[in-house]
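Here's work.cif, which has mmCIF, C-alpha atoms:
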data_model
loop_
_atom_site.group_PDB
_atom_site.id
_atom_site.type_symbol
_atom_site.label_atom_id
_atom_site.label_comp_id
_atom_site.auth_asym_id
_atom_site.auth_seq_id
_atom_site.Cartn_x
_atom_site.Cartn_y
_atom_site.Cartn_z
ATOM 1 C CA MET A 855 -14.851 38.348 18.799
ATOM 2 C CA LEU A 856 -17.750 40.512 17.621
ATOM 3 C CA LYS A 857 -15.621 41.843 14.759
ATOM 4 C CA ASN A 858 -14.729 38.290 13.699
ATOM 5 C CA CYS A 859 -18.411 37.263 13.667
ATOM 6 C CA SER A 860 -19.278 40.351 11.653
ATOM 7 C CA SER A 861 -16.512 39.560 9.174
ATOM 8 C CA VAL A 862 -17.667 35.954 8.772
ATOM 9 C CA LEU A 863 -21.279 37.080 8.359
ATOM 10 C CA SER A 864 -20.256 39.559 5.662
ATOM 11 C CA THR A 865 -18.352 36.840 3.836
ATOM 12 C CA VAL A 866 -21.316 34.456 3.956
ATOM 13 C CA VAL A 867 -23.694 37.152 2.683
ATOM 14 C CA ALA A 868 -21.291 37.954 -0.149
ATOM 15 C CA LEU A 869 -21.046 34.277 -1.126
ATOM 16 C CA ILE A 870 -24.824 33.870 -1.083
ATOM 17 C CA ALA A 871 -25.170 36.921 -3.310
ATOM 18 C CA LEU A 872 -22.541 35.538 -5.685
ATOM 19 C CA VAL A 873 -24.242 32.136 -5.888
ATOM 20 C CA ALA A 874 -27.598 33.815 -6.510
ATOM 21 C CA LEU A 875 -26.060 35.914 -9.281
ATOM 22 C CA VAL A 876 -24.502 32.880 -10.955
ATOM 23 C CA TRP A 877 -27.754 30.931 -10.649
ATOM 24 C CA ALA A 878 -29.802 33.801 -12.053
ATOM 25 C CA GLY A 879 -27.362 34.153 -14.931
ATOM 26 C CA GLY A 880 -27.576 30.501 -15.970
ATOM 27 C CA PRO A 881 -28.819 29.694 -19.462
ATOM 28 C CA SER A 882 -32.595 29.464 -19.608
ATOM 29 C CA TRP A 883 -32.418 26.682 -22.196
ATOM 30 C CA LYS A 884 -30.925 24.431 -19.510
ATOM 31 C CA ASP A 885 -32.347 25.811 -16.277
ATOM 32 C CA LYS A 886 -36.080 25.761 -16.944
ATOM 33 C CA PRO A 887 -38.710 24.372 -19.341
ATOM 34 C CA TYR A 888 -39.255 26.515 -22.428
ATOM 35 C CA GLN A 889 -42.912 26.902 -21.448
ATOM 36 C CA GLN A 890 -41.612 29.161 -18.652
ATOM 37 C CA TRP A 891 -39.263 31.268 -20.769
ATOM 38 C CA THR A 892 -39.768 35.019 -20.603
ATOM 39 C CA ASP A 893 -39.203 37.632 -23.298
ATOM 40 C CA GLU A 894 -35.833 38.296 -21.679
ATOM 41 C CA ASP A 895 -34.895 34.617 -21.974
ATOM 42 C CA ILE A 896 -35.878 34.593 -25.641
ATOM 43 C CA SER A 897 -33.991 37.799 -26.363
ATOM 44 C CA ARG A 898 -30.882 36.360 -24.740
ATOM 45 C CA LEU A 899 -31.057 33.296 -26.980
ATOM 46 C CA PHE A 900 -31.098 35.495 -30.072
ATOM 47 C CA THR A 901 -28.290 37.769 -28.941
ATOM 48 C CA ASP A 902 -26.074 35.911 -26.463
ATOM 49 C CA SER A 903 -26.057 32.149 -26.973
ATOM 50 C CA PRO A 904 -23.998 29.538 -28.867
ATOM 51 C CA TRP A 905 -26.616 29.629 -31.657
ATOM 52 C CA ALA A 906 -26.338 33.374 -32.305
ATOM 53 C CA HIS A 907 -23.595 35.733 -33.436
ATOM 54 C CA THR A 908 -23.656 39.499 -33.885
ATOM 55 C CA LEU A 909 -21.019 40.712 -36.325
ATOM 56 C CA LYS A 910 -19.800 44.052 -37.614
ATOM 57 C CA ILE A 911 -18.138 44.368 -41.012
ATOM 58 C CA GLU A 912 -16.966 47.341 -43.036
ATOM 59 C CA ARG A 913 -19.292 48.356 -45.847
ATOM 60 C CA THR A 914 -17.776 48.066 -49.311
ATOM 61 C CA TRP A 915 -21.098 48.851 -50.975
ATOM 62 C CA VAL A 916 -23.314 51.882 -51.418
ATOM 63 C CA PRO A 917 -26.256 51.270 -49.077
ATOM 64 C CA TRP A 918 -29.885 51.791 -49.932
ATOM 65 C CA VAL A 919 -31.466 54.892 -48.443
ATOM 66 C CA ASN A 920 -33.086 54.508 -45.044
ATOM 67 C CA LYS A 921 -36.675 54.622 -46.250
ATOM 68 C CA GLU A 922 -36.121 51.566 -48.432
ATOM 69 C CA LEU A 923 -34.700 49.454 -45.602
ATOM 70 C CA PRO A 924 -36.539 47.589 -42.815
ATOM 71 C CA GLU A 925 -36.356 49.108 -39.348
ATOM 72 C CA GLY A 926 -34.406 46.487 -37.457
ATOM 73 C CA LEU A 927 -34.710 42.729 -37.452
ATOM 74 C CA ILE A 928 -37.692 41.026 -39.004
ATOM 75 C CA ASN A 929 -40.645 41.039 -36.650
ATOM 76 C CA GLY A 930 -42.827 38.663 -38.595
ATOM 77 C CA ARG A 931 -45.924 37.005 -37.210
ATOM 78 C CA GLY A 932 -46.609 33.754 -35.427
ATOM 79 C CA ARG A 933 -43.225 32.124 -35.122
ATOM 80 C CA GLY A 934 -41.421 35.113 -36.642
ATOM 81 C CA LEU A 935 -38.009 36.156 -35.389
ATOM 82 C CA PRO A 936 -37.900 38.845 -32.693
ATOM 83 C CA GLY A 937 -36.863 42.366 -33.649
ATOM 84 C CA SER A 938 -34.326 44.178 -31.488
ATOM 85 C CA MET A 939 -31.675 45.896 -33.618
ATOM 86 C CA GLU A 940 -32.065 49.549 -34.600
ATOM 87 C CA GLN A 941 -31.699 50.927 -38.097
ATOM 88 C CA SER A 942 -28.174 52.178 -38.680
ATOM 89 C CA SER A 943 -27.960 55.974 -38.921
ATOM 90 C CA ASP A 944 -24.579 55.985 -40.691
ATOM 91 C CA GLN A 945 -25.185 55.037 -44.324
ATOM 92 C CA ALA A 946 -21.770 55.984 -45.741
ATOM 93 C CA ARG A 947 -19.588 53.525 -47.643
ATOM 94 C CA GLY A 948 -16.796 52.390 -45.320
ATOM 95 C CA ALA A 949 -18.868 52.593 -42.156
ATOM 96 C CA GLN A 950 -19.716 49.406 -40.275
ATOM 97 C CA ALA A 951 -22.815 47.331 -40.886
ATOM 98 C CA ARG A 952 -24.127 44.959 -38.226
ATOM 99 C CA PHE A 953 -25.509 41.495 -38.894
ATOM 100 C CA ASN A 954 -27.010 38.716 -36.809
ATOM 101 C CA VAL A 955 -26.271 35.138 -37.893
ATOM 102 C CA LEU A 956 -28.672 32.666 -36.254
ATOM 103 C CA TRP A 957 -28.573 28.851 -36.316
ATOM 104 C CA MET A 958 -32.326 28.321 -36.475
ATOM 105 C CA SER A 959 -32.644 24.555 -37.046
ATOM 106 C CA SER A 960 -31.691 23.830 -33.425
ATOM 107 C CA LEU A 961 -34.464 22.691 -31.112
ATOM 108 C CA VAL A 962 -33.570 25.412 -28.618
ATOM 109 C CA MET A 963 -34.081 28.179 -31.168
ATOM 110 C CA ARG A 964 -37.293 26.611 -32.446
ATOM 111 C CA LYS A 965 -38.568 26.445 -28.876
ATOM 112 C CA ALA A 966 -37.854 30.167 -28.550
ATOM 113 C CA LEU A 967 -39.964 30.893 -31.644
ATOM 114 C CA VAL A 968 -42.791 28.700 -30.361
ATOM 115 C CA ARG A 969 -42.730 30.358 -26.954
ATOM 116 C CA ARG A 970 -42.767 33.801 -28.540
ATOM 117 C CA ALA A 971 -45.745 32.814 -30.707
ATOM 118 C CA VAL A 972 -47.665 31.823 -27.575
ATOM 119 C CA LEU A 973 -46.691 34.972 -25.652
ATOM 120 C CA HIS A 974 -47.430 37.499 -28.378
ATOM 121 C CA TYR A 975 -49.446 36.058 -31.233
ATOM 122 C CA GLY A 976 -52.267 34.167 -29.548
ATOM 123 C CA LYS A 977 -50.988 30.740 -30.540
ATOM 124 C CA LYS A 978 -52.075 27.733 -28.484
ATOM 125 C CA SER A 979 -49.344 25.945 -26.565
ATOM 126 C CA ALA A 980 -50.514 22.433 -27.462
ATOM 127 C CA GLU A 981 -50.608 23.174 -31.185
ATOM 128 C CA GLU A 982 -47.252 24.927 -31.154
ATOM 129 C CA ASP A 983 -45.675 22.084 -29.178
ATOM 130 C CA GLU A 984 -46.610 19.694 -31.979
ATOM 131 C CA THR A 985 -44.456 21.643 -34.434
ATOM 132 C CA LEU A 986 -41.373 20.869 -32.338
ATOM 133 C CA LYS A 987 -41.762 17.164 -33.064
ATOM 134 C CA GLN A 988 -40.972 17.814 -36.716
ATOM 135 C CA GLN A 989 -37.202 17.481 -36.926
ATOM 136 C CA PRO A 990 -35.749 19.675 -39.698
ATOM 137 C CA GLU A 991 -34.147 17.649 -42.474
ATOM 138 C CA GLU A 992 -31.573 20.373 -43.129
ATOM 139 C CA TYR A 993 -29.497 22.856 -41.148
ATOM 140 C CA PHE A 994 -31.135 26.267 -41.213
ATOM 141 C CA VAL A 995 -29.171 29.527 -40.842
ATOM 142 C CA VAL A 996 -30.696 33.027 -40.950
ATOM 143 C CA VAL A 997 -28.880 36.304 -41.656
ATOM 144 C CA GLN A 998 -30.429 39.627 -40.633
ATOM 145 C CA GLY A 999 -28.866 43.058 -40.424
ATOM 146 C CA THR A 1000 -29.147 46.824 -40.200
ATOM 147 C CA ASP A 1001 -28.191 47.118 -43.873
ATOM 148 C CA MET A 1002 -29.346 44.308 -46.170
ATOM 149 C CA THR A 1003 -28.084 45.987 -49.340
ATOM 150 C CA PRO A 1004 -25.824 43.023 -50.292
ATOM 151 C CA PHE A 1005 -28.969 40.883 -50.554
ATOM 152 C CA HIS A 1006 -30.854 43.546 -52.489
ATOM 153 C CA ASP A 1007 -27.980 43.691 -54.963
ATOM 154 C CA LYS A 1008 -27.553 39.922 -55.445
ATOM 155 C CA ASN A 1009 -30.237 37.284 -55.870
ATOM 156 C CA GLU A 1010 -30.629 33.967 -54.068
ATOM 157 C CA GLU A 1011 -28.751 31.999 -56.719
ATOM 158 C CA TYR A 1012 -25.680 34.165 -56.201
ATOM 159 C CA TYR A 1013 -25.562 33.212 -52.526
ATOM 160 C CA ARG A 1014 -26.114 29.543 -53.255
ATOM 161 C CA ALA A 1015 -22.676 29.666 -54.857
ATOM 162 C CA ASN A 1016 -21.090 32.190 -52.494
ATOM 163 C CA ALA A 1017 -22.176 31.045 -49.046
ATOM 164 C CA PHE A 1018 -21.243 27.828 -47.265
ATOM 165 C CA LEU A 1019 -20.518 26.091 -43.979
ATOM 166 C CA GLN A 1020 -16.933 24.959 -43.428
ATOM 167 C CA THR A 1021 -15.952 22.436 -40.780
ATOM 168 C CA LYS A 1022 -12.906 23.226 -38.690
ATOM 169 C CA THR A 1023 -11.585 19.650 -38.530
ATOM 170 C CA THR A 1024 -11.855 18.504 -42.142
ATOM 171 C CA LYS A 1025 -12.157 21.908 -43.885
ATOM 172 C CA GLN A 1026 -15.125 20.466 -45.752
ATOM 173 C CA LYS A 1027 -17.352 23.028 -47.449
ATOM 174 C CA ILE A 1028 -21.110 22.480 -47.307
ATOM 175 C CA PHE A 1029 -22.986 24.604 -49.839
ATOM 176 C CA PRO A 1030 -26.658 25.502 -49.357
ATOM 177 C CA SER A 1031 -29.298 23.439 -51.091
ATOM 178 C CA HIS A 1032 -31.576 26.458 -51.052
ATOM 179 C CA VAL A 1033 -31.442 30.193 -50.287
ATOM 180 C CA SER A 1034 -34.537 32.365 -49.926
ATOM 181 C CA TYR A 1035 -35.265 35.950 -48.927
ATOM 182 C CA VAL A 1036 -37.960 37.212 -46.574
ATOM 183 C CA ILE A 1037 -39.444 40.271 -48.255
ATOM 184 C CA SER A 1038 -41.376 43.130 -46.647
ATOM 185 C CA PRO A 1039 -45.150 43.331 -47.287
ATOM 186 C CA ASP A 1040 -44.621 46.228 -49.709
ATOM 187 C CA GLY A 1041 -42.170 44.131 -51.711
ATOM 188 C CA LYS A 1042 -39.372 46.689 -51.442
ATOM 189 C CA SER A 1043 -37.097 45.390 -48.689
ATOM 190 C CA VAL A 1044 -35.244 42.210 -47.822
ATOM 191 C CA TYR A 1045 -35.806 41.527 -44.123
ATOM 192 C CA ALA A 1046 -33.768 38.334 -43.847
ATOM 193 C CA ALA A 1047 -31.898 35.729 -45.848
ATOM 194 C CA LYS A 1048 -32.499 32.034 -45.125
ATOM 195 C CA PHE A 1049 -29.858 29.403 -45.904
ATOM 196 C CA LEU A 1050 -30.661 25.661 -45.893
ATOM 197 C CA PHE A 1051 -27.765 23.205 -45.785
ATOM 198 C CA PRO A 1052 -27.886 19.406 -46.161
ATOM 199 C CA LYS A 1053 -27.173 17.363 -43.045
ATOM 200 C CA LYS A 1054 -26.021 14.221 -44.844
ATOM 201 C CA THR A 1055 -24.170 13.124 -47.956
ATOM 202 C CA SER A 1056 -25.945 11.182 -50.713
ATOM 203 C CA SER A 1057 -24.683 8.009 -49.017
ATOM 204 C CA GLY A 1058 -26.231 8.983 -45.670
ATOM 205 C CA GLU A 1059 -23.094 10.094 -43.813
ATOM 206 C CA GLN A 1060 -23.303 13.053 -41.424
ATOM 207 C CA LEU A 1061 -21.657 16.140 -42.899
ATOM 208 C CA ILE A 1062 -21.043 17.589 -39.423
ATOM 209 C CA ALA A 1063 -19.631 14.901 -37.142
ATOM 210 C CA PRO A 1064 -20.701 14.764 -33.456
ATOM 211 C CA THR A 1065 -17.067 15.383 -32.505
ATOM 212 C CA GLU A 1066 -16.714 18.494 -34.676
ATOM 213 C CA ARG A 1067 -15.376 21.455 -32.697
ATOM 214 C CA GLY A 1068 -16.071 24.268 -35.111
ATOM 215 C CA VAL A 1069 -18.321 25.133 -38.045
ATOM 216 C CA GLU A 1070 -17.910 28.485 -39.773
ATOM 217 C CA PHE A 1071 -20.668 30.143 -41.764
ATOM 218 C CA ILE A 1072 -19.140 32.190 -44.589
ATOM 219 C CA CYS A 1073 -21.118 34.489 -46.861
ATOM 220 C CA ARG A 1074 -19.136 36.249 -49.566
ATOM 221 C CA PHE A 1075 -20.191 39.822 -50.073
ATOM 222 C CA GLU A 1076 -18.330 42.004 -52.543
ATOM 223 C CA GLY A 1077 -15.400 42.967 -50.359
ATOM 224 C CA SER A 1078 -15.587 41.957 -46.702
ATOM 225 C CA PRO A 1079 -17.066 38.458 -46.235
ATOM 226 C CA LEU A 1080 -19.505 37.725 -43.427
ATOM 227 C CA ARG A 1081 -17.986 35.045 -41.167
ATOM 228 C CA ALA A 1082 -19.521 33.496 -38.044
ATOM 229 C CA GLU A 1083 -17.941 30.532 -36.266
ATOM 230 C CA PHE A 1084 -20.183 28.180 -34.295
ATOM 231 C CA ASP A 1085 -18.956 25.661 -31.724
ATOM 232 C CA PRO A 1086 -21.055 22.446 -31.882
ATOM 233 C CA GLN A 1087 -19.639 21.378 -28.522
ATOM 234 C CA LYS A 1088 -21.384 24.352 -26.915
ATOM 235 C CA MET A 1089 -24.561 24.053 -28.971
ATOM 236 C CA VAL A 1090 -26.187 21.598 -26.595
ATOM 237 C CA ASP A 1091 -29.409 21.499 -24.620
ATOM 238 C CA ASP A 1092 -30.407 19.322 -21.675
ATOM 239 C CA LYS A 1093 -30.479 16.267 -23.962
ATOM 240 C CA GLY A 1094 -27.246 16.735 -25.871
ATOM 241 C CA PRO A 1095 -25.994 18.215 -29.190
ATOM 242 C CA ASP A 1096 -28.522 20.544 -30.797
ATOM 243 C CA LEU A 1097 -27.867 21.680 -34.359
#
Show how you would write the structure in this file as structure tokens.
Amino acid sequence: MLKNCSSVLSTVVALIALVALVWAGGPSWKDKPYQQWTDEDISRLFTDSPWAHTLKIERTWVPWVNKELPEGLINGRGRGLPGSMEQSSDQARGAQARFNVLWMSSLVMRKALVRRAVLHYGKKSAEEDETLKQQPEEYFVVVQGTDMTPFHDKNEEYYRANAFLQTKTTKQKIFPSHVSYVISPDGKSVYAAKFLFPKKTSSGEQLIAPTERGVEFICRFEGSPLRAEFDPQKMVDDKGPDL
């Protein structure tokens, strides 16, 4: 009888631990207000969420030397993107380069930037909260990586013609209305590439339907293209779809 009770107790304790683990591992963008997000919550959004992809592709280019490249992701100021990736030590052609592709027009990602600005850059919560009321008129995708040589070698106009979103259902290609680079203070390095895509056609129709199940971001480098597939059905917050 005592053994049975001990066995039951062990099972209950194990279940409680499992439930606690699942609860603790829940997405912060659904479980708690963004005003309570921690640095860990923010980091998870930028590395392990439906709005973020980390990709590795084979280099087909000769990379810039280390001293001319930024050390990791753009740090920025205020609502700048968080830096977490390390500079690649292998600069040989044929080695892998790592890139982050981030869907930054979503409210969830903008909340992460606002929260980070309050935590680390002395911004006031009330003022930062006001910026979230401004709904972006275009989709906004950011590319950052350990080796930004492809963006050093080609200007913004090149990527306006060689980067696009493609819907899984209709195979429609949406080309950027604007591409811009974030440059280091010394003017020598590209920290990030920003891609803005229209949300609607000239007649006002949504280019990405609410029922769309896949949108791929494709950026054509010379050689291996950068491809990141987003699932709009998973890109949701506590109020619904969030692109």
Exercise. Measuring atom to atom with only C-alpha atoms, identify which of A:Phe1005, A:Phe1049, A:Tyr1035, A:Phe953 is nearest to Glu992 (chain A).
Key: A:Phe1049
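Proximity ranking of A:Tyr1013, A:Trp883, A:Tyr888, A:Tyr993 relative to Val1090 (chain A) places A:Trp883 first, based on only C-alpha atoms.
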Exercise. Between CA of Thr1024 (chain A) and CA of Gly1068 (chain A), measure the distance and give it in Å to one decimal.
Key: 10.0 Å
Here's the selection I'm unsure about, the PyMOL selection byres ((chain A and resi 1091) around 12); applied to the file above, which residues does it give, as a compact mmCIF listing (two decimals) with C-alpha atoms, keeping the file's coordinate frame?
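Here's the written file expr-v3.txt:
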# COMPACT_ATOMS: atom_id res chain seq x y z
CA PRO A 881 -28.82 29.69 -19.46
CA SER A 882 -32.60 29.46 -19.61
CA TRP A 883 -32.42 26.68 -22.20
CA LYS A 884 -30.92 24.43 -19.51
CA ASP A 885 -32.35 25.81 -16.28
CA LYS A 886 -36.08 25.76 -16.94
CA PRO A 887 -38.71 24.37 -19.34
CA TYR A 888 -39.26 26.52 -22.43
CA SER A 903 -26.06 32.15 -26.97
CA PRO A 904 -24.00 29.54 -28.87
CA TRP A 905 -26.62 29.63 -31.66
CA SER A 960 -31.69 23.83 -33.42
CA LEU A 961 -34.46 22.69 -31.11
CA VAL A 962 -33.57 25.41 -28.62
CA MET A 963 -34.08 28.18 -31.17
CA LYS A 965 -38.57 26.44 -28.88
CA PRO A 1086 -21.06 22.45 -31.88
CA GLN A 1087 -19.64 21.38 -28.52
CA LYS A 1088 -21.38 24.35 -26.92
CA MET A 1089 -24.56 24.05 -28.97
CA VAL A 1090 -26.19 21.60 -26.60
CA ASP A 1092 -30.41 19.32 -21.68
CA LYS A 1093 -30.48 16.27 -23.96
CA GLY A 1094 -27.25 16.74 -25.87
CA PRO A 1095 -25.99 18.22 -29.19
CA ASP A 1096 -28.52 20.54 -30.80
CA LEU A 1097 -27.87 21.68 -34.36
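Neighbouring residues of Asp1001 (chain A) at 7 Å or closer, counting all atoms listed in the file and skipping chain neighbours under 2 positions away, are Pro917, Ala951, Gly999 and Thr1003 of chain A.
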Quiz item: What lies within 12 Å of His907 (chain A) using only C-alpha atoms, ignoring chain neighbours under 3 positions off, as JSON, numbers by chain?
Solution: {"A": [898, 899, 900, 901, 902, 903, 904, 910, 952, 953, 954, 955, 956, 957, 958, 995, 996, 997, 998, 999, 1070, 1071, 1080, 1081, 1082, 1083, 1084, 1085]}
Quiz item: Got a sec to resolve the PyMOL selection byres ((chain A and resi 1006) around 10) on this structure and send the residues as number ranges by chain?
Solution: A: 917-918, 923, 1001-1005, 1007-1010, 1035, 1042-1045
Practice problem: Would you mind reading off the distance between CA of His1032 (chain A) and CA of Ile1062 (chain A), one decimal, in Å? | Solution: 18.0 Å
Practice problem: Please write the residues picked by the PyMOL selection byres ((chain A and resi 1027) around 10) on this file as number ranges by chain. | Solution: A: 1017-1022, 1024-1026, 1028-1030, 1061, 1069-1072
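Take CA of Ile896 (chain A) and CA of Arg970 (chain A): the distance between them is 7.5 Å.
Taking only C-alpha atoms into account, Glu982 (chain A) lies nearest to A:Arg964 out of the set A:Arg1074, A:Glu894, A:Arg964, A:Arg913.
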Around all listed atoms of region 952-962 of chain A, padded 3 Å per side, what centre and edge lengths does the axis-aligned box have in Å to one decimal, as AutoDock Vina command-line options?
--center_x -29.3 --center_y 33.8 --center_z -33.8 --size_x 16.3 --size_y 28.3 --size_z 16.3
Self-check item: Polymer residues at most 10 Å from region 967-969 of chain A, all atoms listed in the file, same-chain spacing of 4 or more positions, as an NGL selection string
Solution: :A and (888-893 or 896 or 932-936 or 958 or 961-963 or 973-975 or 977-979 or 981-986)
